[in-house]
Structure formats: structure tokens, C-alpha cells
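Novice: Here you go, one structure.
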Amino acid sequence: MAVWTPPADQLGKNEHVGRRLFEEPALAGSPPGKVPPRLDYRHFEETRGQELSLDRLGQTGIDKRVVQYLLPRAVSQGDSFRPTRNFTGWYAIKADVLIRSSKGPRTTLTASPITVEGSDGRDLTENRYHAHAKLPDADPYMAALHLRELFESKGMSVPRPPQIAGAPRPRLRARLVDIARELLAWATRR
């Protein structure tokens with residue numbers, strides 16, 4: 001069976017959209033401990049504008065083939081951060097729930113596939129399952145808290161599946177450079 005190809009101009013009300021989750025840096029010097037029971041609001045904070053990037057994860061539920069298509073793109077995005085951050089999965093919600101939230105301001109969803117001209121589909125910057133959520137006209141912190149509450153109360157966790165063979169692996173050199181910088185910063189503080 002072929003992978004679901006979403007319409008490029010509209011989102012269905014039963015589609016599941018998800019926000020990519022990456023490991024967030026902990027406080028310096030804090031001991032590793034329990035993971036907080038709530039989602040970190042920073043996953044939903046957008047400082048670049050009024051649009052939050054989302055992935056369309058399936059037509060009526062979570063489609064495993066779509067997740068496998070998106071996995072190398074998400075890992076590559078985590079590698080592009082400085083310092084690199086591990087991709088941990090998605091937090092998903094039905095599009096209809098996000099659009100018709102009964103509490104707080106409503107969010108508008110727009111299908112916005114990212115295409116690369118001349119690409120055969122292997123370019124990791126290309127994403128035919130991309131969507132945007134237009135954030136309410138509010139403080140970015142308040143919008144992030146509102147979205148976190150919606151995703152936590154009405155959404156579900158989609159953990160990162162095992163990486164498929166042939167998919168790009170995290171760049172070892174970049175990770176080693178990040179570790180060296182952290183060690184150097186730690187050594188200079190002492």
C-alpha cells in the first residue's frame with residue numbers, strides 16, 4: 001500500500017498533526033533526576049514569528065509510513081541545532097481539536113508542504129507533510145502555554161521509532177565538538 005499523499009492546499013479535520021520534540025537542555029549543575037510529568041512549554045514556544053511548524057502524521061490516525069518518512073528529517077533538524085539536540089518523538093493532536101478549542105484563542109492550521117525543485121524525495125529539507133499553526137495574537141510565552149495545555153489534555157505522545165537502515169545517523173564529529181565545548185566551559189568555570 002502506498003504512503004498517504006496529503007492534499008497540498010488543505011488539512012482534513014481528522015488528520016493528526018504533531019509537534020517535534022527535542023531534548024531540552026537542563027539547568028547547569030542540576031543532578032539528573034525525574035523527568036517532569038508535564039510537557040515543557042519550550043516545545044511550543046515560537047520566537048521567529050506567529051507560525052508554529054507542525055508535521056501531518058496521518059489522515060485519520062498516526063500513519064507509521066509517514067512517521068518513517070519524517071524520522072530522518074527530524075533527526076537531521078536536531079543535528080542542525082548548536083549544541084545538537086536528540087529528537088525524542090512527536091506530541092500529536094487531531095487538527096479539529098486544535099482548530100475548535102473550547103478554551104482560549106483558536107488556532108488556524110494551514111498545509112504548507114516544503115518542496116525542493118529537482119529533488120527525488122531524498123532531500124532532508126523537503127517535507128510534504130509540513131503544516132503551520134497560526135498562533136493567537138498573544139505573548140509568545142502565553143501562546144506556548146496555551147498550546148501545551150491543548151496538546152497535553154487532548155493529544156498523545158508519538159515516541160521516536162527505531163531508526164531505519166540507510167537513514168542518516170547523527171554526525172559524530174558535531175556531537176564530539178559539542179562535548180568538547182561543554183567540557184571546556186565547565187573547566188573554565190572552576
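Numbering starts fresh at 1 for the residues of each chain in the C-alpha cells, the chains themselves are lettered A, B, ... in the order given, and ligands are numbered from 1 as they appear.
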Report as an MDAnalysis selection string: the residues of range 34-190 of chain A with a DSSP assignment of alpha helix (DSSP H), based on the backbone of this structure.
Specialist: chainID A and resid 64:80 95:99 140:154 172:189
Novice: Those residues you just picked out, can you put them in a file as a CSV table (one decimal), in the first residue's frame with C-alpha atoms?
Specialist:
chain,number,residue,atom,x,y,z
A,64,LYS,CA,3.7,4.5,10.5
A,65,ARG,CA,4.9,5.1,7.0
A,66,VAL,CA,4.6,8.8,7.3
A,67,VAL,CA,6.5,8.7,10.6
A,68,GLN,CA,9.3,6.7,8.9
A,69,TYR,CA,9.4,9.3,6.2
A,70,LEU,CA,9.6,12.2,8.7
A,71,LEU,CA,12.1,10.5,11.1
A,72,PRO,CA,15.3,11.2,9.2
A,73,ARG,CA,14.2,14.8,8.7
A,74,ALA,CA,13.6,15.3,12.4
A,75,VAL,CA,16.9,13.7,13.3
A,76,SER,CA,18.6,16.0,10.8
A,77,GLN,CA,16.9,19.0,12.3
A,78,GLY,CA,18.2,18.0,15.7
A,79,ASP,CA,21.7,17.7,14.4
A,80,SER,CA,21.4,21.2,13.0
A,95,ALA,CA,-6.5,19.0,13.7
A,96,ASP,CA,-10.2,19.6,14.5
A,97,VAL,CA,-9.4,19.7,18.3
A,98,LEU,CA,-6.7,22.3,17.7
A,99,ILE,CA,-8.8,24.4,15.4
A,140,PRO,CA,4.8,34.0,22.7
A,141,TYR,CA,5.0,32.6,26.3
A,142,MET,CA,1.3,32.7,26.8
A,143,ALA,CA,0.7,31.1,23.3
A,144,ALA,CA,3.2,28.3,24.2
A,145,LEU,CA,1.4,27.6,27.5
A,146,HIS,CA,-2.0,27.5,25.7
A,147,LEU,CA,-0.7,25.1,23.1
A,148,ARG,CA,1.0,22.9,25.7
A,149,GLU,CA,-2.3,22.7,27.6
A,150,LEU,CA,-4.2,21.7,24.5
A,151,PHE,CA,-1.6,19.1,23.4
A,152,GLU,CA,-1.4,17.6,26.9
A,153,SER,CA,-5.1,17.4,27.6
A,154,LYS,CA,-6.3,16.3,24.2
A,172,LEU,CA,29.6,12.1,15.3
A,173,ARG,CA,32.1,14.9,14.7
A,174,ALA,CA,29.5,17.6,15.5
A,175,ARG,CA,28.5,15.8,18.7
A,176,LEU,CA,32.1,15.4,19.8
A,177,VAL,CA,32.7,19.2,19.2
A,178,ASP,CA,29.7,20.0,21.4
A,179,ILE,CA,31.0,17.7,24.1
A,180,ALA,CA,34.4,19.4,23.9
A,181,ARG,CA,32.9,22.8,24.2
A,182,GLU,CA,30.9,21.8,27.2
A,183,LEU,CA,33.9,20.4,28.9
A,184,LEU,CA,35.9,23.5,28.1
A,185,ALA,CA,33.2,25.7,29.5
A,186,TRP,CA,33.0,23.5,32.6
A,187,ALA,CA,36.8,23.6,33.1
A,188,THR,CA,37.0,27.4,32.8
A,189,ARG,CA,34.3,27.9,35.5
Novice: Can you list, as a ChimeraX atom specification, every protein, DNA or RNA residue that comes within 10 Å of His132 in chain A when you count only C-alpha atoms, leaving out same-chain residues fewer than 3 positions away?
Specialist: /A:17,50-56,107-113,135
Novice: Between A:Lys94, A:Arg160, A:Arg106, A:Lys134, which residue has the minimum interatomic distance to Gly49 in chain A, considering only C-alpha atoms?
Specialist: A:Lys134
Novice: Between A:Arg82, A:Arg19, A:Lys103, A:Arg122, single out the one closest to Tyr41 in chain A, counting only C-alpha atoms.
Specialist: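 Closest to Tyr41 in chain A of all the choices is A:Arg19.
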Novice: Report as a ChimeraX atom specification: the residues of range 72-114 of chain A with a DSSP assignment of strand (DSSP E), based on the backbone of this structure.
Specialist: /A:87-94,108-111
Novice: Would you save the residues from that selection as a PDB file, in the first residue's frame, using C-alpha atoms?
Specialist:
ATOM      1  CA  PHE A  87      14.938  14.025  18.641  1.00  0.00           C
ATOM      2  CA  THR A  88      12.596  12.185  21.031  1.00  0.00           C
ATOM      3  CA  GLY A  89       9.324  11.961  19.072  1.00  0.00           C
ATOM      4  CA  TRP A  90       6.173  13.984  18.474  1.00  0.00           C
ATOM      5  CA  TYR A  91       3.229  15.127  20.508  1.00  0.00           C
ATOM      6  CA  ALA A  92       0.160  14.782  18.298  1.00  0.00           C
ATOM      7  CA  ILE A  93      -3.385  16.112  18.325  1.00  0.00           C
ATOM      8  CA  LYS A  94      -6.331  15.940  15.935  1.00  0.00           C
ATOM      9  CA  THR A 108      -5.645  28.299  12.390  1.00  0.00           C
ATOM     10  CA  LEU A 109      -3.976  25.382  10.588  1.00  0.00           C
ATOM     11  CA  THR A 110      -2.527  25.635   7.085  1.00  0.00           C
ATOM     12  CA  ALA A 111      -0.998  22.914   4.938  1.00  0.00           C
TER      13      ALA A 111
END
Novice: Mind pulling up the distance from CA of Glu45 in chain A to CA of Glu23 in chain A?
Specialist: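 Interatomic distance here is 14.2 Å.
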Novice: One decimal, Å: what's the distance from CA of Val158 in chain A over to CA of Val116 in chain A, could you say?
Specialist: 27.0 Å
Novice: Counting only C-alpha atoms, figure out which residue out of A:Pro6, A:Ser157, A:Gly61, A:Gly104 gets nearest to Ala138 in chain A.
Specialist: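 Of A:Pro6, A:Ser157, A:Gly61, A:Gly104, the one nearest Ala138 in chain A is A:Gly104, counting only C-alpha atoms.
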Novice: Neighbours of Thr115 in chain A within 9 Å (only C-alpha atoms; same-chain residues fewer than 6 positions away dropped), as a PyMOL selection string?
Specialist: chain A and resi 121+125-128
Novice: Once you have the residues from the selection above, write them out as an mmCIF file, in the first residue's frame, restricted to C-alpha atoms.
Specialist:
data_model
loop_
_atom_site.group_PDB
_atom_site.id
_atom_site.type_symbol
_atom_site.label_atom_id
_atom_site.label_comp_id
_atom_site.auth_asym_id
_atom_site.auth_seq_id
_atom_site.Cartn_x
_atom_site.Cartn_y
_atom_site.Cartn_z
ATOM 1 C CA GLY A 121 12.318 12.967 -2.401
ATOM 2 C CA THR A 125 14.973 19.654 3.805
ATOM 3 C CA GLU A 126 11.928 18.572 1.805
ATOM 4 C CA ASN A 127 8.771 17.744 3.785
ATOM 5 C CA ARG A 128 5.488 17.067 2.010
#
